[in-house]
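File shown here: final.txt, holding compact mmCIF, N, CA and C atoms and all ligand atoms.
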```txt
# COMPACT_ATOMS: atom_id res chain seq x y z
N MET J 1 84.60 96.39 97.09
CA MET J 1 85.64 96.01 98.03
C MET J 1 85.11 96.17 99.46
N SER J 2 85.25 95.14 100.28
CA SER J 2 84.81 95.28 101.66
C SER J 2 86.02 95.33 102.58
N TYR J 3 85.90 96.12 103.61
CA TYR J 3 87.00 96.22 104.55
C TYR J 3 86.45 96.58 105.92
N THR J 4 87.26 96.38 106.95
CA THR J 4 86.87 96.79 108.29
C THR J 4 87.90 97.75 108.84
N LEU J 5 87.48 98.63 109.69
CA LEU J 5 88.39 99.55 110.37
C LEU J 5 88.48 99.13 111.83
N ARG J 6 89.65 99.27 112.40
CA ARG J 6 89.81 99.02 113.84
C ARG J 6 90.86 99.97 114.37
N PRO J 7 90.86 100.21 115.66
CA PRO J 7 91.83 101.15 116.22
C PRO J 7 93.27 100.68 115.97
N LEU J 8 94.12 101.63 115.69
CA LEU J 8 95.56 101.35 115.58
C LEU J 8 96.07 100.97 116.97
N ASN J 9 96.76 99.88 117.09
CA ASN J 9 97.30 99.51 118.41
C ASN J 9 98.82 99.48 118.39
N LEU J 10 99.40 99.22 119.55
CA LEU J 10 100.85 99.29 119.69
C LEU J 10 101.56 98.30 118.77
N ALA J 11 100.98 97.12 118.63
CA ALA J 11 101.61 96.12 117.76
C ALA J 11 101.67 96.64 116.32
N ASP J 12 100.58 97.31 115.89
CA ASP J 12 100.59 97.91 114.54
C ASP J 12 101.68 98.96 114.45
N HIS J 13 101.75 99.77 115.52
CA HIS J 13 102.72 100.86 115.53
C HIS J 13 104.14 100.32 115.35
N LEU J 14 104.44 99.27 116.11
CA LEU J 14 105.78 98.69 116.03
C LEU J 14 106.03 98.11 114.65
N HIS J 15 104.99 97.49 114.10
CA HIS J 15 105.12 96.92 112.77
C HIS J 15 105.37 98.03 111.74
N LEU J 16 104.58 99.10 111.84
CA LEU J 16 104.74 100.22 110.88
C LEU J 16 106.10 100.88 111.05
N LEU J 17 106.52 100.99 112.31
CA LEU J 17 107.82 101.60 112.58
C LEU J 17 108.94 100.76 111.95
N ALA J 18 108.84 99.44 112.14
CA ALA J 18 109.85 98.54 111.57
C ALA J 18 109.87 98.66 110.05
N LEU J 19 108.65 98.76 109.49
CA LEU J 19 108.54 98.89 108.03
C LEU J 19 109.20 100.19 107.56
N MET J 20 108.90 101.28 108.30
CA MET J 20 109.47 102.58 107.91
C MET J 20 110.98 102.59 108.08
N GLN J 21 111.45 101.94 109.15
CA GLN J 21 112.91 101.90 109.37
C GLN J 21 113.59 101.09 108.27
N ALA J 22 112.93 100.00 107.87
CA ALA J 22 113.50 99.18 106.79
C ALA J 22 113.56 99.99 105.51
N THR J 23 112.48 100.76 105.26
CA THR J 23 112.45 101.59 104.05
C THR J 23 113.52 102.67 104.12
N ALA J 24 113.66 103.29 105.31
CA ALA J 24 114.68 104.33 105.47
C ALA J 24 116.07 103.76 105.23
N ARG J 25 116.33 102.58 105.74
CA ARG J 25 117.65 101.95 105.54
C ARG J 25 117.86 101.64 104.06
N TYR J 26 116.80 101.16 103.43
CA TYR J 26 116.90 100.82 102.00
C TYR J 26 117.24 102.07 101.18
N LEU J 27 116.53 103.17 101.47
CA LEU J 27 116.76 104.41 100.73
C LEU J 27 118.15 104.96 101.01
N ALA J 28 118.61 104.82 102.25
CA ALA J 28 119.95 105.31 102.59
C ALA J 28 121.03 104.50 101.86
N ARG J 29 120.75 103.21 101.69
CA ARG J 29 121.74 102.36 101.01
C ARG J 29 121.69 102.51 99.49
N ASN J 30 120.55 103.00 99.00
CA ASN J 30 120.37 103.11 97.55
C ASN J 30 119.87 104.51 97.17
N PRO J 31 120.64 105.54 97.51
CA PRO J 31 120.13 106.91 97.31
C PRO J 31 119.87 107.23 95.84
N GLY J 32 118.77 107.91 95.60
CA GLY J 32 118.47 108.42 94.26
C GLY J 32 117.95 107.40 93.27
N LEU J 33 117.70 106.19 93.72
CA LEU J 33 117.28 105.15 92.78
C LEU J 33 115.78 104.84 92.84
N SER J 34 115.10 105.31 93.87
CA SER J 34 113.66 105.05 94.02
C SER J 34 112.88 106.32 93.72
N PHE J 35 111.68 106.15 93.21
CA PHE J 35 110.90 107.32 92.79
C PHE J 35 109.44 107.22 93.24
N VAL J 36 108.84 108.38 93.45
CA VAL J 36 107.40 108.45 93.63
C VAL J 36 106.83 109.34 92.53
N ALA J 37 105.56 109.10 92.22
CA ALA J 37 104.83 109.98 91.30
C ALA J 37 103.88 110.82 92.14
N GLU J 38 103.85 112.11 91.87
CA GLU J 38 103.00 113.01 92.63
C GLU J 38 101.99 113.68 91.72
N VAL J 39 100.77 113.83 92.23
CA VAL J 39 99.76 114.64 91.57
C VAL J 39 99.25 115.62 92.62
N ALA J 40 99.46 116.89 92.39
CA ALA J 40 99.03 117.93 93.34
C ALA J 40 99.46 117.59 94.76
N ASP J 41 100.72 117.31 94.92
CA ASP J 41 101.32 117.03 96.24
C ASP J 41 100.89 115.70 96.86
N GLU J 42 100.07 114.93 96.15
CA GLU J 42 99.69 113.62 96.67
C GLU J 42 100.54 112.55 95.98
N VAL J 43 101.11 111.66 96.79
CA VAL J 43 101.88 110.56 96.21
C VAL J 43 100.89 109.54 95.66
N VAL J 44 100.97 109.29 94.36
CA VAL J 44 100.00 108.37 93.73
C VAL J 44 100.67 107.11 93.20
N GLY J 45 101.99 107.07 93.27
CA GLY J 45 102.67 105.87 92.79
C GLY J 45 104.09 105.84 93.31
N CYS J 46 104.65 104.65 93.39
CA CYS J 46 106.04 104.56 93.83
C CYS J 46 106.69 103.30 93.28
N LEU J 47 108.00 103.35 93.23
CA LEU J 47 108.79 102.19 92.83
C LEU J 47 110.16 102.32 93.49
N MET J 48 110.58 101.25 94.15
CA MET J 48 111.88 101.27 94.80
C MET J 48 112.88 100.47 93.99
N ALA J 49 114.11 100.95 93.96
CA ALA J 49 115.16 100.26 93.22
C ALA J 49 116.47 100.29 93.99
N GLY J 50 117.23 99.25 93.82
CA GLY J 50 118.55 99.17 94.41
C GLY J 50 119.40 98.27 93.52
N HIS J 51 120.67 98.10 93.90
CA HIS J 51 121.50 97.17 93.13
C HIS J 51 122.57 96.57 94.02
N ASP J 52 123.16 95.49 93.54
CA ASP J 52 124.19 94.80 94.30
C ASP J 52 125.57 95.02 93.69
N GLY J 53 125.66 96.05 92.82
CA GLY J 53 126.93 96.34 92.17
C GLY J 53 126.98 95.75 90.76
N ARG J 54 126.08 94.83 90.50
CA ARG J 54 126.06 94.19 89.18
C ARG J 54 124.66 94.20 88.58
N ARG J 55 123.66 93.81 89.39
CA ARG J 55 122.29 93.75 88.92
C ARG J 55 121.39 94.70 89.70
N GLY J 56 120.42 95.27 89.00
CA GLY J 56 119.45 96.11 89.66
C GLY J 56 118.26 95.28 90.12
N TYR J 57 117.58 95.78 91.14
CA TYR J 57 116.40 95.10 91.67
C TYR J 57 115.29 96.12 91.86
N LEU J 58 114.18 95.90 91.20
CA LEU J 58 113.03 96.79 91.33
C LEU J 58 112.01 96.13 92.25
N GLN J 59 111.43 96.92 93.15
CA GLN J 59 110.52 96.36 94.14
C GLN J 59 109.39 97.32 94.47
N HIS J 60 108.29 96.75 94.88
CA HIS J 60 107.18 97.51 95.46
C HIS J 60 106.60 98.54 94.49
N LEU J 61 106.41 98.17 93.25
CA LEU J 61 105.74 99.07 92.31
C LEU J 61 104.26 99.14 92.67
N LEU J 62 103.78 100.34 92.78
CA LEU J 62 102.35 100.54 93.07
C LEU J 62 101.88 101.87 92.51
N VAL J 63 100.77 101.85 91.81
CA VAL J 63 100.09 103.08 91.39
C VAL J 63 98.68 103.01 91.96
N LEU J 64 98.24 104.09 92.62
CA LEU J 64 96.90 104.08 93.20
C LEU J 64 95.86 103.84 92.09
N PRO J 65 94.83 103.05 92.40
CA PRO J 65 93.86 102.65 91.37
C PRO J 65 93.32 103.81 90.52
N ALA J 66 93.04 104.93 91.15
CA ALA J 66 92.44 106.05 90.40
C ALA J 66 93.39 106.65 89.37
N TYR J 67 94.67 106.32 89.49
CA TYR J 67 95.66 106.94 88.60
C TYR J 67 96.28 105.94 87.62
N ARG J 68 95.73 104.76 87.59
CA ARG J 68 96.30 103.74 86.69
C ARG J 68 95.90 104.02 85.24
N GLY J 69 96.64 103.43 84.33
CA GLY J 69 96.32 103.55 82.90
C GLY J 69 96.74 104.87 82.29
N GLN J 70 97.61 105.59 82.98
CA GLN J 70 98.06 106.90 82.46
C GLN J 70 99.56 106.93 82.22
N GLY J 71 100.19 105.78 82.27
CA GLY J 71 101.62 105.74 82.00
C GLY J 71 102.51 106.01 83.20
N ILE J 72 101.91 106.09 84.40
CA ILE J 72 102.71 106.43 85.58
C ILE J 72 103.68 105.31 85.93
N ALA J 73 103.20 104.07 85.90
CA ALA J 73 104.09 102.95 86.24
C ALA J 73 105.24 102.86 85.23
N ARG J 74 104.91 103.03 83.97
CA ARG J 74 105.97 102.98 82.94
C ARG J 74 107.02 104.07 83.21
N ALA J 75 106.54 105.25 83.56
CA ALA J 75 107.47 106.36 83.83
C ALA J 75 108.34 106.05 85.06
N LEU J 76 107.72 105.44 86.09
CA LEU J 76 108.49 105.07 87.29
C LEU J 76 109.56 104.03 86.94
N VAL J 77 109.19 103.04 86.15
CA VAL J 77 110.16 102.01 85.74
C VAL J 77 111.29 102.66 84.94
N ASP J 78 110.91 103.52 83.99
CA ASP J 78 111.94 104.20 83.17
C ASP J 78 112.89 105.01 84.05
N ALA J 79 112.32 105.71 85.05
CA ALA J 79 113.14 106.55 85.93
C ALA J 79 114.12 105.69 86.74
N CYS J 80 113.62 104.58 87.27
CA CYS J 80 114.51 103.70 88.05
C CYS J 80 115.60 103.11 87.17
N LEU J 81 115.23 102.66 85.98
CA LEU J 81 116.24 102.05 85.10
C LEU J 81 117.27 103.08 84.66
N ALA J 82 116.82 104.32 84.44
CA ALA J 82 117.77 105.38 84.05
C ALA J 82 118.73 105.68 85.21
N ALA J 83 118.18 105.71 86.43
CA ALA J 83 119.04 105.97 87.60
C ALA J 83 120.03 104.83 87.80
N LEU J 84 119.56 103.61 87.61
CA LEU J 84 120.46 102.45 87.72
C LEU J 84 121.54 102.51 86.64
N ALA J 85 121.14 102.91 85.43
CA ALA J 85 122.11 103.00 84.33
C ALA J 85 123.21 104.00 84.66
N GLN J 86 122.82 105.08 85.35
CA GLN J 86 123.82 106.08 85.77
C GLN J 86 124.87 105.46 86.69
N GLU J 87 124.48 104.38 87.36
CA GLU J 87 125.43 103.70 88.26
C GLU J 87 126.07 102.49 87.59
N GLY J 88 125.88 102.39 86.26
CA GLY J 88 126.52 101.33 85.51
C GLY J 88 125.79 99.99 85.54
N ILE J 89 124.54 100.02 85.98
CA ILE J 89 123.76 98.79 86.05
C ILE J 89 122.93 98.65 84.77
N ALA J 90 123.20 97.61 84.01
CA ALA J 90 122.56 97.46 82.70
C ALA J 90 121.55 96.32 82.66
N LYS J 91 121.40 95.61 83.75
CA LYS J 91 120.42 94.53 83.78
C LYS J 91 119.75 94.50 85.14
N SER J 92 118.42 94.39 85.12
CA SER J 92 117.69 94.44 86.39
C SER J 92 116.67 93.31 86.48
N HIS J 93 116.31 93.01 87.72
CA HIS J 93 115.34 91.96 88.00
C HIS J 93 114.17 92.52 88.81
N CYS J 94 113.07 91.82 88.74
CA CYS J 94 111.92 92.18 89.55
C CYS J 94 111.18 90.89 89.93
N ASP J 95 110.93 90.70 91.19
CA ASP J 95 110.15 89.53 91.63
C ASP J 95 108.66 89.83 91.48
N VAL J 96 107.92 88.87 91.01
CA VAL J 96 106.46 89.02 90.89
C VAL J 96 105.82 87.77 91.48
N LEU J 97 104.83 87.97 92.33
CA LEU J 97 104.15 86.81 92.90
C LEU J 97 103.47 85.99 91.80
N VAL J 98 103.56 84.68 91.94
CA VAL J 98 102.91 83.80 90.97
C VAL J 98 101.42 84.11 90.88
N SER J 99 100.84 84.52 92.01
CA SER J 99 99.39 84.79 92.04
C SER J 99 99.02 86.13 91.40
N ASN J 100 100.00 86.99 91.11
CA ASN J 100 99.69 88.32 90.58
C ASN J 100 99.79 88.32 89.04
N ALA J 101 98.74 87.78 88.43
CA ALA J 101 98.73 87.65 86.97
C ALA J 101 98.77 89.01 86.28
N ALA J 102 98.08 89.99 86.87
CA ALA J 102 98.04 91.32 86.24
C ALA J 102 99.45 91.93 86.19
N ALA J 103 100.19 91.78 87.29
CA ALA J 103 101.55 92.33 87.31
C ALA J 103 102.44 91.59 86.31
N GLN J 104 102.25 90.30 86.21
CA GLN J 104 103.04 89.53 85.23
C GLN J 104 102.77 90.06 83.82
N ALA J 105 101.48 90.32 83.53
CA ALA J 105 101.12 90.82 82.20
C ALA J 105 101.72 92.20 81.98
N PHE J 106 101.73 93.02 83.05
CA PHE J 106 102.31 94.36 82.96
C PHE J 106 103.79 94.29 82.59
N TRP J 107 104.56 93.50 83.36
CA TRP J 107 106.01 93.44 83.09
C TRP J 107 106.27 92.86 81.71
N ALA J 108 105.49 91.87 81.32
CA ALA J 108 105.67 91.29 79.98
C ALA J 108 105.38 92.34 78.91
N HIS J 109 104.32 93.14 79.15
CA HIS J 109 103.97 94.19 78.18
C HIS J 109 105.10 95.20 78.03
N LEU J 110 105.80 95.46 79.14
CA LEU J 110 106.91 96.41 79.07
C LEU J 110 108.17 95.79 78.46
N GLY J 111 108.09 94.51 78.12
CA GLY J 111 109.23 93.89 77.44
C GLY J 111 110.16 93.12 78.35
N TRP J 112 109.77 93.00 79.60
CA TRP J 112 110.60 92.24 80.54
C TRP J 112 110.39 90.75 80.29
N ALA J 113 111.48 90.01 80.33
CA ALA J 113 111.42 88.57 80.05
C ALA J 113 111.14 87.79 81.33
N ARG J 114 110.13 86.94 81.28
CA ARG J 114 109.84 86.08 82.42
C ARG J 114 110.88 84.98 82.51
N ARG J 115 111.45 84.78 83.69
CA ARG J 115 112.47 83.76 83.89
C ARG J 115 111.83 82.51 84.49
N ASP J 116 112.00 81.41 83.84
CA ASP J 116 111.51 80.14 84.39
C ASP J 116 112.67 79.26 84.83
N ASP J 117 113.89 79.83 84.76
CA ASP J 117 115.07 79.03 85.10
C ASP J 117 115.62 79.36 86.49
N ILE J 118 114.90 80.19 87.24
CA ILE J 118 115.36 80.58 88.56
C ILE J 118 114.25 80.33 89.57
N LEU J 119 114.61 79.74 90.69
CA LEU J 119 113.69 79.62 91.82
C LEU J 119 114.29 80.39 92.98
N ARG J 120 113.46 81.11 93.70
CA ARG J 120 113.98 81.85 94.85
C ARG J 120 113.85 81.00 96.11
N PHE J 121 114.92 80.89 96.88
CA PHE J 121 114.90 80.23 98.17
C PHE J 121 115.06 81.32 99.24
N SER J 122 114.24 81.27 100.29
CA SER J 122 114.30 82.28 101.34
C SER J 122 114.46 81.63 102.70
N VAL J 123 115.04 82.36 103.63
CA VAL J 123 115.17 81.90 105.01
C VAL J 123 114.94 83.08 105.94
N ILE J 124 114.36 82.81 107.08
CA ILE J 124 114.17 83.86 108.08
C ILE J 124 115.19 83.65 109.18
N THR J 125 115.99 84.67 109.46
CA THR J 125 117.03 84.53 110.49
C THR J 125 116.73 85.39 111.71
N GLY J 126 115.54 85.92 111.77
CA GLY J 126 115.15 86.74 112.90
C GLY J 126 114.12 87.75 112.46
N GLY J 127 113.47 88.37 113.41
CA GLY J 127 112.46 89.38 113.07
C GLY J 127 111.22 88.75 112.51
N GLU J 128 110.55 89.51 111.69
CA GLU J 128 109.25 89.10 111.23
C GLU J 128 109.27 88.58 109.81
N ASP J 129 108.31 87.73 109.48
CA ASP J 129 108.17 87.24 108.12
C ASP J 129 107.20 88.12 107.38
N ASN J 130 107.73 89.03 106.54
CA ASN J 130 106.85 89.94 105.80
C ASN J 130 106.61 89.53 104.37
N ALA J 131 107.45 88.67 103.83
CA ALA J 131 107.27 88.29 102.43
C ALA J 131 107.98 86.97 102.16
C1 LIG J 201 100.72 97.17 87.65
C2 LIG J 201 100.54 98.68 87.88
C3 LIG J 201 101.73 99.23 88.66
C4 LIG J 201 100.40 99.39 86.52
O1 LIG J 201 100.33 100.80 86.74
P1 LIG J 201 99.80 101.82 85.62
O2 LIG J 201 100.25 103.18 86.00
O3 LIG J 201 98.35 101.60 85.40
O4 LIG J 201 100.59 101.33 84.34
P2 LIG J 201 100.89 102.26 83.05
O5 LIG J 201 99.71 103.15 82.81
O6 LIG J 201 102.20 102.91 83.23
O7 LIG J 201 100.98 101.19 81.91
C5 LIG J 201 102.11 101.10 81.06
C6 LIG J 201 101.77 100.13 79.96
O8 LIG J 201 101.47 98.86 80.54
C7 LIG J 201 100.16 98.44 80.15
N1 LIG J 201 99.57 97.79 81.31
C8 LIG J 201 99.22 98.33 82.48
N2 LIG J 201 98.72 97.39 83.31
C9 LIG J 201 98.75 96.24 82.60
C10 LIG J 201 98.35 94.91 82.89
N3 LIG J 201 97.84 94.57 84.09
N4 LIG J 201 98.51 93.96 81.95
C11 LIG J 201 99.04 94.26 80.75
N5 LIG J 201 99.44 95.52 80.40
C12 LIG J 201 99.29 96.48 81.33
C13 LIG J 201 99.43 99.72 79.80
O9 LIG J 201 98.38 99.45 78.89
C14 LIG J 201 100.52 100.53 79.18
O10 LIG J 201 100.73 100.14 77.85
P3 LIG J 201 101.29 101.18 76.73
O11 LIG J 201 102.36 102.03 77.40
O12 LIG J 201 101.84 100.28 75.67
O13 LIG J 201 100.13 101.99 76.33
C15 LIG J 201 99.24 98.96 88.69
O14 LIG J 201 98.17 98.27 88.09
C16 LIG J 201 99.32 98.56 90.16
O15 LIG J 201 99.74 99.35 91.01
N6 LIG J 201 98.93 97.32 90.47
C17 LIG J 201 98.90 96.84 91.87
C18 LIG J 201 100.28 96.66 92.46
C19 LIG J 201 101.09 95.64 91.71
O16 LIG J 201 100.63 94.56 91.36
N7 LIG J 201 102.36 96.01 91.47
C20 LIG J 201 103.30 95.16 90.79
C21 LIG J 201 104.06 94.32 91.76
S1 LIG J 201 105.28 93.34 90.93
```

Any chance you could give the structure as structure tokens?
Ligand SMILES: CC(C)(COP(=O)(O)OP(=O)(O)OC[C@H]1O[C@@H](n2cnc3c(N)ncnc32)[C@H](O)[C@@H]1OP(=O)(O)O)[C@@H](O)C(=O)NCCC(=O)NCCS
Amino acid sequence: MSYTLRPLNLADHLHLLALMQATARYLARNPGLSFVAEVADEVVGCLMAGHDGRRGYLQHLLVLPAYRGQGIARALVDACLAALAQEGIAKSHCDVLVSNAAAQAFWAHLGWARRDDILRFSVITGGEDNA
């Protein structure tokens, strides 16, 4: 893997701040539904979850490369689904990029059904385009 390092600048700071504020708002709106996995006080995985009162939504699943293949992602998914179930949510969705074949295989392996009958339409009404 090749990468470059450069000084953190103000634009990065504002971007990171906006990201953290968005995450803080998300967690405040969906308390107790998102989880991290820790190994010796280091966060090695995370998964965020929320719901709209009817359906759950799982987002931003990530396990650090060195910790993959040990069941951490499965445990995070199970934890989020259990927390959603506590709130009466019995069906959940997860968006996966078409280009992320590995993630598609992961969700399929866990028994999640791929939907080919839904297309997502998005619009930007202000701020930045992050996804
Ligand atoms: C996808 C990801 C979260 C999996 O994390 P992980 O901790 O290695 O997964 P687990 O060890 O919990 O695997 C659970 C099961 O899924 C299987 N699995 C894991 N990755 C898989 C893959 N890419 N394809 C198919 N099966 C996979 C495991 O073999 C395991 O099977 P088992 O329980 O039947 O033995 C991790 O590779 C990752 O962070 N990828 C980059 C970020 C990403 O793409 N996130 C998803 C966005 S939608």

Env. residues ligand LIG 201 (chain J) / 6 Å / all atoms listed in the file / as a list in words
His60, Leu61, Leu62, Val63, Leu64, Tyr67, Arg68, Gly69, Gln70, Gly71, Ile72, Ala73, Arg74, Ala75, Asp95, Val96, Leu97, Ala102, Ala103, Ala105, Phe106, His109 and Leu110 of chain J

With distances taken over all atoms listed in the file, the candidate from J:Ala49, J:Ala82, J:Arg54, J:Ser92 nearest Leu27 of chain J is J:Ala49

How big is the axis-aligned box around the listed atoms of segment 35-38 of chain J once 6 Å is added on each side, and where is its centre? Give both in Å to one decimal, as lines of an AutoDock Vina configuration file.
```
center_x = 106.8
center_y = 109.9
center_z = 92.5
size_x = 21.7
size_y = 19.5
size_z = 14.3
```

Can you tell me how far atom CA of Arg29 of chain J sits from atom C of Gly56 of chain J, in Å to one decimal?
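Rounded to one decimal, the two atoms are 13.4 Å apart.
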
I want to know what sits within 8 Å of His93 of chain J, based on only N, CA and C atoms, with residues of the same chain fewer than 6 positions away left out; could you give that as a CSV table (one decimal) with N, CA and C atoms, in the frame of the given file?
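Result saved to out08.csv:
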```
chain,number,residue,atom,x,y,z
J,55,ARG,N,123.7,93.8,89.4
J,55,ARG,CA,122.3,93.8,88.9
J,55,ARG,C,121.4,94.7,89.7
J,56,GLY,N,120.4,95.3,89.0
J,56,GLY,CA,119.4,96.1,89.7
J,56,GLY,C,118.3,95.3,90.1
J,57,TYR,N,117.6,95.8,91.1
J,57,TYR,CA,116.4,95.1,91.7
J,57,TYR,C,115.3,96.1,91.9
J,58,LEU,N,114.2,95.9,91.2
J,58,LEU,CA,113.0,96.8,91.3
J,58,LEU,C,112.0,96.1,92.2
J,59,GLN,N,111.4,96.9,93.2
J,59,GLN,CA,110.5,96.4,94.1
J,59,GLN,C,109.4,97.3,94.5
```

All strand (DSSP E) residues (DSSP, backbone) inside chain J, as a ChimeraX atom specification
/J:35-39,42-51,56-63,92-94

All alpha helix (DSSP H) positions in chain J, as number ranges by chain
J: 10-29, 72-86, 101-109

Using only C-alpha atoms, which of the listed residues (J:Ala11, J:Ala85, J:Met48, J:Val77) sits closest to Gly111 of chain J?
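With only C-alpha atoms as the atom set, the closest residue is J:Val77.
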
Distance atom CA of Trp107 of chain J-atom CA of Glu42 of chain J, one decimal place?
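Computing it gives 25.1 Å between the two atoms.
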
Just to confirm, what's the straight-line distance from atom C of Ala22 of chain J to atom C of Cys46 of chain J in Å (one decimal)?
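We find that atom C of Ala22 of chain J and atom C of Cys46 of chain J lie 14.4 Å from each other.
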
Shell of 8 Å around Val36 of chain J, only N, CA and C atoms, local chain residues under 3 positions omitted, as number ranges by chain:
J: 33, 39, 42-48, 76

Taking the structure I provided as the source, export segment 1-13 of chain J with C-alpha atoms, as a PDB file, in the first residue's frame.
```
ATOM      1  CA  MET J   1       0.000   0.000   0.000  1.00  0.00           C
ATOM      2  CA  SER J   2       1.422   3.407  -0.910  1.00  0.00           C
ATOM      3  CA  TYR J   3       0.428   6.613   0.758  1.00  0.00           C
ATOM      4  CA  THR J   4       1.654  10.151   1.308  1.00  0.00           C
ATOM      5  CA  LEU J   5       1.658  12.245   4.452  1.00  0.00           C
ATOM      6  CA  ARG J   6       1.044  15.981   4.483  1.00  0.00           C
ATOM      7  CA  PRO J   7       0.455  18.542   7.205  1.00  0.00           C
ATOM      8  CA  LEU J   8      -3.047  18.749   8.618  1.00  0.00           C
ATOM      9  CA  ASN J   9      -4.528  22.062   7.510  1.00  0.00           C
ATOM     10  CA  LEU J  10      -7.530  24.137   8.504  1.00  0.00           C
ATOM     11  CA  ALA J  11      -9.715  22.744   5.734  1.00  0.00           C
ATOM     12  CA  ASP J  12      -9.004  19.223   7.026  1.00  0.00           C
ATOM     13  CA  HIS J  13      -9.769  20.379  10.539  1.00  0.00           C
TER      14      HIS J  13
END
```
